[in-house]
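Visitor: This structure is in structure tokens; I'll ask about it shortly.
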Amino acid sequence: MKYRKLCFSIFLSAFVMTGLAAAQQPAKVKRPVKNPPQFPNIINLENKDGRQTDRQTDQQDNAPVADAGGQPDSLAVAVQSLANELRALGQELRSLNIRGQAQIEMLRMARADMRIDYYERELRPVRERLAALESDEQLLRQMMTREGLLAQTASTPTMNREELMKQIRMQHEARYRVLQSEQERLRKLEADLTASLKIYQNISRETEQKIQEAEDALKNIESGSQGVKRQ
């Protein structure tokens, strides 16, 4: 009995001493924290609005993919349209150049035709004169023969027919020399006019060929431009 009382008194005294010691210790003052933790605001511990955030993230992820998928197609269409416009513009410029060149060739052809008409007009009387001189030449040659001289002096009374025939022959020979000189001059003139005429005729043919080539080129360009428009 005494032993129990002694243990109880010892335990009670120890408890009292412990309480006094704790009461005598000063209370710790909490210091303010410079950067308080933001974890409660950053981390949603309760997982509120989690599904909504995931949906928004999925939508944002899917939107660029859709744009990326459609952007190359629209870019290719724009590039193709620009290429077609540039091709059409180039063809239009080429057709304008061809038309301008064709107009120049038509003017050149008109001038060549005018020169051709001029030289043909100049050649016509020259050739007619040459034909007449050739006829006169043949007639003089026939008249200078003995038979021709006899026929010319048959109706002329004379004491010396041979002398008369000689005089007539000398007259025909003088006329023949004049005729030959005129023929030589006209033949030279004819050659010059003919050479000039051939030059302008060649120019006219070449110009006509160039105009035809220009027309064919314009037809090809028009058919090509129609193909571009269909594209």
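Residues in the structure tokens are numbered from 1 in each chain, the chains being A, B, ... in the order shown, and ligands are numbered from 1 in the order shown.
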Would you mind listing, for every residue of segment 160-206 of chain A within 12 Å of segment 98-105 of chain A, the two atoms forming the shortest contact and the distance between them in Å to one decimal, using only C-alpha atoms, sorted by chain and ascending residue number, as a tab-separated table?
Guide:
residue	atom	partner	partner_atom	distance
A:Ile203	CA	A:Glu105	CA	10.1
A:Ser204	CA	A:Glu105	CA	9.3
A:Arg205	CA	A:Glu105	CA	11.0
A:Glu206	CA	A:Glu105	CA	9.4
Visitor: Env of segment 129-139 of chain A: 7 Å cut, atoms = only C-alpha atoms, seq-sep filter 3 positions within chain, self excluded. Answer as a PyMOL selection string.
Guide: chain A and resi 125-126+142-143+176+179+183+186
Visitor: Next, dump the selected residues to file, keeping only N, CA and C atoms, as a PDB file, in the first residue's frame.
Guide:
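Now in selection.pdb:
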ATOM      1  N   PRO A 125       5.480  49.891-171.708  1.00  0.00           N
ATOM      2  CA  PRO A 125       5.817  50.592-172.967  1.00  0.00           C
ATOM      3  C   PRO A 125       7.185  50.222-173.507  1.00  0.00           C
ATOM      4  N   VAL A 126       8.122  49.912-172.606  1.00  0.00           N
ATOM      5  CA  VAL A 126       9.453  49.522-173.073  1.00  0.00           C
ATOM      6  C   VAL A 126       9.369  48.224-173.862  1.00  0.00           C
ATOM      7  N   GLN A 142      14.698  42.224-194.413  1.00  0.00           N
ATOM      8  CA  GLN A 142      14.082  41.718-195.637  1.00  0.00           C
ATOM      9  C   GLN A 142      14.212  42.730-196.778  1.00  0.00           C
ATOM     10  N   MET A 143      14.116  44.020-196.455  1.00  0.00           N
ATOM     11  CA  MET A 143      14.216  45.059-197.489  1.00  0.00           C
ATOM     12  C   MET A 143      15.650  45.235-197.999  1.00  0.00           C
ATOM     13  N   TYR A 176      18.864  50.963-189.850  1.00  0.00           N
ATOM     14  CA  TYR A 176      19.041  49.740-189.062  1.00  0.00           C
ATOM     15  C   TYR A 176      19.975  49.988-187.874  1.00  0.00           C
ATOM     16  N   LEU A 179      18.137  51.810-185.327  1.00  0.00           N
ATOM     17  CA  LEU A 179      17.199  50.870-184.690  1.00  0.00           C
ATOM     18  C   LEU A 179      17.919  49.978-183.686  1.00  0.00           C
ATOM     19  N   GLN A 183      17.294  49.692-179.751  1.00  0.00           N
ATOM     20  CA  GLN A 183      17.021  48.395-179.127  1.00  0.00           C
ATOM     21  C   GLN A 183      17.972  48.115-177.964  1.00  0.00           C
ATOM     22  N   LEU A 186      16.918  50.220-174.993  1.00  0.00           N
ATOM     23  CA  LEU A 186      15.684  49.730-174.391  1.00  0.00           C
ATOM     24  C   LEU A 186      15.881  48.381-173.693  1.00  0.00           C
TER      25      LEU A 186
END
Visitor: Could you check the closest approach to Glu190 of chain A for each of A:Leu123, A:Ala76, A:Leu86, A:Ile168 and tell me which residue wins, using only C-alpha atoms?
Guide: A:Leu123
Visitor: Would you work out the distance separating atom CA of Ala88 of chain A from atom CA of Gln209 of chain A, expressed in Å to one decimal?
Guide: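 Between atom CA of Ala88 of chain A and atom CA of Gln209 of chain A the gap works out to 26.8 Å.
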Visitor: Between atom CA of Glu128 of chain A and atom CA of Gly148 of chain A, what is the spacing in Å?
Guide: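 Rounded to one decimal, the two atoms are 26.5 Å apart.
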Visitor: Would you mind listing what lies within 10 Å of segment 155-167 of chain A as a list of chain:residue names, with only C-alpha atoms counted and same-chain residues fewer than 6 positions away left out?
Guide: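 Contacts, with the query itself left out: A:Met144, A:Thr145, A:Arg146, A:Gly148, A:Leu149, A:Glu173.
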Visitor: Write a file of the selected residues as a short mmCIF file (atom, residue, chain, number, x, y, z; two decimals), in the first residue's frame, keeping all heavy atoms.
Guide:
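As written to disk, result11.cif reads:
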data_model
loop_
_atom_site.label_atom_id
_atom_site.label_comp_id
_atom_site.auth_asym_id
_atom_site.auth_seq_id
_atom_site.Cartn_x
_atom_site.Cartn_y
_atom_site.Cartn_z
N MET A 144 16.64 44.84 -197.17
CA MET A 144 18.04 44.99 -197.59
C MET A 144 18.53 43.82 -198.43
O MET A 144 19.66 43.83 -198.91
CB MET A 144 18.94 45.19 -196.36
CG MET A 144 18.82 46.57 -195.74
SD MET A 144 20.04 46.87 -194.44
CE MET A 144 19.54 45.69 -193.19
N THR A 145 17.72 42.82 -198.60
CA THR A 145 18.10 41.73 -199.50
C THR A 145 17.98 42.19 -200.96
O THR A 145 17.32 43.19 -201.26
CB THR A 145 17.21 40.51 -199.25
OG1 THR A 145 15.85 40.88 -199.51
CG2 THR A 145 17.34 40.00 -197.81
N ARG A 146 18.61 41.44 -201.85
CA ARG A 146 18.57 41.84 -203.27
C ARG A 146 17.14 41.77 -203.80
O ARG A 146 16.73 42.65 -204.59
CB ARG A 146 19.50 40.94 -204.08
CG ARG A 146 19.57 41.36 -205.55
CD ARG A 146 20.63 40.60 -206.29
NE ARG A 146 20.68 41.01 -207.69
CZ ARG A 146 21.27 42.12 -208.14
NH1 ARG A 146 21.89 42.94 -207.30
NH2 ARG A 146 21.27 42.41 -209.44
N GLY A 148 14.47 42.24 -202.12
CA GLY A 148 13.74 43.39 -201.59
C GLY A 148 14.12 44.68 -202.29
O GLY A 148 13.25 45.52 -202.57
N LEU A 149 15.38 44.85 -202.59
CA LEU A 149 15.83 46.05 -203.29
C LEU A 149 15.28 46.10 -204.71
O LEU A 149 14.88 47.17 -205.21
CB LEU A 149 17.35 46.11 -203.29
CG LEU A 149 18.01 46.33 -201.91
CD1 LEU A 149 19.51 46.18 -202.00
CD2 LEU A 149 17.63 47.71 -201.35
N GLU A 173 20.50 50.61 -194.12
CA GLU A 173 21.54 50.28 -193.14
C GLU A 173 21.67 51.37 -192.08
O GLU A 173 21.86 51.07 -190.89
CB GLU A 173 22.87 50.08 -193.87
CG GLU A 173 22.93 48.79 -194.67
CD GLU A 173 24.24 48.64 -195.43
OE1 GLU A 173 25.02 49.64 -195.45
OE2 GLU A 173 24.49 47.56 -195.99
#
